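**Student:** This is the structure I want to talk about, given as structure tokens.
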Amino acid sequence: MKITFAIRPAFWIFSLLIAFLLSQGDLVQLFLWEIIIFVSVVFHECGHAFTAVLFGQKCRIELVAMGGLTSFEGKKLSSWKLFLITLCGPLFGFSLGMAAYGLLYVI
């Protein structure tokens with residue numbers, strides 16, 4: 001696949017800060033929040049990247065201080081393809097949220 005991946009140290013610092021605030025000092029919750037933040041950001045960025053790859057682009061996902069960044073290069077894309085690339089990030093996140101919600105009924 002044509003996707004490279006990088007995690008900047010600032011991502012871990014900010015996500016740990018957010019997880020700490022959400023966990024209220026509980027180490028188990030801190031760990032769980034860190035996993036939730038990581039998976040949700042990666043899943044969202046993969047929505048953008050997978051769509052761009054479908055359109056023949058070479059992609060790079062970077063996890064940065066306040067979330068993620070997906071960049072791509074290749075031949076120029078039409079406006080509707082750029083719109084789909086933009087739309088698929090939130091759609092992937094929404095589908096992950098629906099899957100997590102559905103697991104509440106299975107467990």
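Within each chain, counting starts at residue 1; across the structure tokens, chains are named A, B, ... in the order shown, with ligands numbered 1 upward in that order.
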Can you check which residues of stretch 14-80 of chain A DSSP gives as strand (DSSP E) on the backbone and send them as a PyMOL selection string?

**Tutor:** chain A and resi 58-64+67-73

**Student:** Might you pull out every residue within 9 Å of stretch 65-69 of chain A, with only C-alpha atoms counted and same-chain residues fewer than 3 positions away left off, and present them as a PyMOL selection string?

**Tutor:** chain A and resi 7-15+37-38+41-42+44-45+60-62

**Student:** Please, could you write that set of residues out with N, CA and C atoms as a PDB file, in the first residue's frame?

**Tutor:**
ATOM      1  N   ILE A   7       4.655   9.132  13.854  1.00  0.00           N
ATOM      2  CA  ILE A   7       4.073   9.664  15.092  1.00  0.00           C
ATOM      3  C   ILE A   7       5.076  10.634  15.699  1.00  0.00           C
ATOM      4  N   ARG A   8       4.666  11.865  15.865  1.00  0.00           N
ATOM      5  CA  ARG A   8       5.514  12.882  16.472  1.00  0.00           C
ATOM      6  C   ARG A   8       5.404  12.792  17.995  1.00  0.00           C
ATOM      7  N   PRO A   9       6.488  13.065  18.721  1.00  0.00           N
ATOM      8  CA  PRO A   9       6.434  13.020  20.196  1.00  0.00           C
ATOM      9  C   PRO A   9       5.346  13.911  20.790  1.00  0.00           C
ATOM     10  N   ALA A  10       5.070  15.035  20.148  1.00  0.00           N
ATOM     11  CA  ALA A  10       4.037  15.946  20.656  1.00  0.00           C
ATOM     12  C   ALA A  10       2.660  15.277  20.690  1.00  0.00           C
ATOM     13  N   PHE A  11       2.416  14.314  19.802  1.00  0.00           N
ATOM     14  CA  PHE A  11       1.133  13.592  19.832  1.00  0.00           C
ATOM     15  C   PHE A  11       0.974  12.880  21.164  1.00  0.00           C
ATOM     16  N   TRP A  12       2.027  12.178  21.584  1.00  0.00           N
ATOM     17  CA  TRP A  12       1.949  11.432  22.851  1.00  0.00           C
ATOM     18  C   TRP A  12       1.790  12.375  24.035  1.00  0.00           C
ATOM     19  N   ILE A  13       2.468  13.501  24.005  1.00  0.00           N
ATOM     20  CA  ILE A  13       2.376  14.462  25.109  1.00  0.00           C
ATOM     21  C   ILE A  13       0.947  14.996  25.236  1.00  0.00           C
ATOM     22  N   PHE A  14       0.384  15.448  24.131  1.00  0.00           N
ATOM     23  CA  PHE A  14      -0.961  16.016  24.179  1.00  0.00           C
ATOM     24  C   PHE A  14      -2.026  14.949  24.449  1.00  0.00           C
ATOM     25  N   SER A  15      -1.884  13.774  23.852  1.00  0.00           N
ATOM     26  CA  SER A  15      -2.895  12.741  24.092  1.00  0.00           C
ATOM     27  C   SER A  15      -2.825  12.240  25.533  1.00  0.00           C
ATOM     28  N   ILE A  37      -7.972   7.403  22.180  1.00  0.00           N
ATOM     29  CA  ILE A  37      -7.522   8.567  21.417  1.00  0.00           C
ATOM     30  C   ILE A  37      -6.690   8.121  20.221  1.00  0.00           C
ATOM     31  N   PHE A  38      -5.738   7.222  20.451  1.00  0.00           N
ATOM     32  CA  PHE A  38      -4.859   6.752  19.385  1.00  0.00           C
ATOM     33  C   PHE A  38      -5.660   6.082  18.265  1.00  0.00           C
ATOM     34  N   VAL A  41      -7.968   8.593  16.256  1.00  0.00           N
ATOM     35  CA  VAL A  41      -7.242   9.494  15.354  1.00  0.00           C
ATOM     36  C   VAL A  41      -6.707   8.718  14.151  1.00  0.00           C
ATOM     37  N   VAL A  42      -6.121   7.543  14.390  1.00  0.00           N
ATOM     38  CA  VAL A  42      -5.587   6.734  13.292  1.00  0.00           C
ATOM     39  C   VAL A  42      -6.715   6.317  12.346  1.00  0.00           C
ATOM     40  N   HIS A  44      -9.595   7.795  11.785  1.00  0.00           N
ATOM     41  CA  HIS A  44     -10.045   8.971  11.037  1.00  0.00           C
ATOM     42  C   HIS A  44      -9.084   9.278   9.879  1.00  0.00           C
ATOM     43  N   GLU A  45      -7.787   9.299  10.182  1.00  0.00           N
ATOM     44  CA  GLU A  45      -6.800   9.613   9.143  1.00  0.00           C
ATOM     45  C   GLU A  45      -6.753   8.526   8.067  1.00  0.00           C
ATOM     46  N   ARG A  60       0.742  10.016   3.220  1.00  0.00           N
ATOM     47  CA  ARG A  60       1.530  10.026   4.451  1.00  0.00           C
ATOM     48  C   ARG A  60       0.610  10.458   5.578  1.00  0.00           C
ATOM     49  N   ILE A  61       0.554   9.636   6.623  1.00  0.00           N
ATOM     50  CA  ILE A  61      -0.206   9.966   7.823  1.00  0.00           C
ATOM     51  C   ILE A  61       0.790  10.338   8.912  1.00  0.00           C
ATOM     52  N   GLU A  62       0.559  11.476   9.534  1.00  0.00           N
ATOM     53  CA  GLU A  62       1.375  11.910  10.664  1.00  0.00           C
ATOM     54  C   GLU A  62       0.451  12.196  11.846  1.00  0.00           C
TER      55      GLU A  62
END

**Student:** Would you please work out which residue, of A:Ile36, A:Lys81, A:Ile107, A:Phe55, is nearest to A:Gly93 when using only C-alpha atoms?

**Tutor:**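 Once distances to A:Gly93 are computed over only C-alpha atoms, the minimum belongs to A:Ile36.
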
**Student:** Excluding A:Leu22 and residues on its chain fewer than 4 positions from it, collect all residues at most 12 Å away from it, counting only C-alpha atoms, and give them as a PyMOL selection string.

**Tutor:** chain A and resi 15-18+26-34+36-37

**Student:** Dump C-alpha atoms for the selected residues as an mmCIF file, in the first residue's frame?

**Tutor:**
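The result, written out as selection_10.cif:
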data_model
loop_
_atom_site.group_PDB
_atom_site.id
_atom_site.type_symbol
_atom_site.label_atom_id
_atom_site.label_comp_id
_atom_site.auth_asym_id
_atom_site.auth_seq_id
_atom_site.Cartn_x
_atom_site.Cartn_y
_atom_site.Cartn_z
ATOM 1 C CA SER A 15 -2.895 12.741 24.092
ATOM 2 C CA LEU A 16 -1.519 11.788 27.534
ATOM 3 C CA LEU A 17 -2.552 15.197 28.851
ATOM 4 C CA ILE A 18 -6.082 14.736 27.492
ATOM 5 C CA ASP A 26 -7.074 6.528 37.559
ATOM 6 C CA LEU A 27 -4.202 4.692 35.795
ATOM 7 C CA VAL A 28 -6.441 2.077 34.171
ATOM 8 C CA GLN A 29 -8.702 4.762 32.733
ATOM 9 C CA LEU A 30 -5.633 6.739 31.644
ATOM 10 C CA PHE A 31 -4.405 3.748 29.654
ATOM 11 C CA LEU A 32 -7.853 3.116 28.153
ATOM 12 C CA TRP A 33 -8.287 6.765 27.149
ATOM 13 C CA GLU A 34 -4.858 6.755 25.533
ATOM 14 C CA ILE A 36 -9.195 5.331 22.519
ATOM 15 C CA ILE A 37 -7.522 8.567 21.417
#

**Student:** Calculate how many Å separate atom CA of A:Gln57 from atom CA of A:Gly74, rounding to one decimal.

**Tutor:**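 Distance between the two atoms: 4.9 Å.
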
**Student:** Just the alpha helix (DSSP H) stuff from stretch 2-99 of chain A, please, per backbone DSSP, written as a PyMOL selection string.

**Tutor:** chain A and resi 9-23+27-54+79-99

**Student:** Record the distance separating atom CA of A:Ile35 and atom CA of A:Pro90, expressed in Å with one decimal.

**Tutor:**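 Between atom CA of A:Ile35 and atom CA of A:Pro90 the gap is 18.7 Å.
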
**Student:** Can you tell me which residues surround stretch 83-85 of chain A at a distance of at most 7 Å, considering only C-alpha atoms, apart from same-chain residues fewer than 6 positions away, and format the answer as a PyMOL selection string?

**Tutor:** chain A and resi 48+51-52

**Student:** How many Å lie between atom CA of A:Lys58 and atom CA of A:Phe5, rounded to one decimal?

**Tutor:**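 Rounded to one decimal, the two atoms are 11.7 Å apart.
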
**Student:** With distances taken over only C-alpha atoms, which of A:Gly25, A:Leu63, A:Gly56, A:Ala19 is nearest to A:Ala6?

**Tutor:**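 Going through A:Gly25, A:Leu63, A:Gly56, A:Ala19 one by one, the smallest distance to A:Ala6 is for A:Leu63.
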
**Student:** Identify which of the residues A:Val53, A:Val39, A:Leu82, A:Phe72 lies closest to A:Leu96, counting only C-alpha atoms when measuring atom-to-atom distances.

**Tutor:**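 Using only C-alpha atoms, A:Leu96 sits closest to A:Val39.
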
**Student:** Using only C-alpha atoms, which residue out of A:Phe50, A:Phe43, A:Phe20, A:Trp80 lies closest to A:Phe94?

**Tutor:**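 With only C-alpha atoms as the atom set, the closest residue is A:Phe43.
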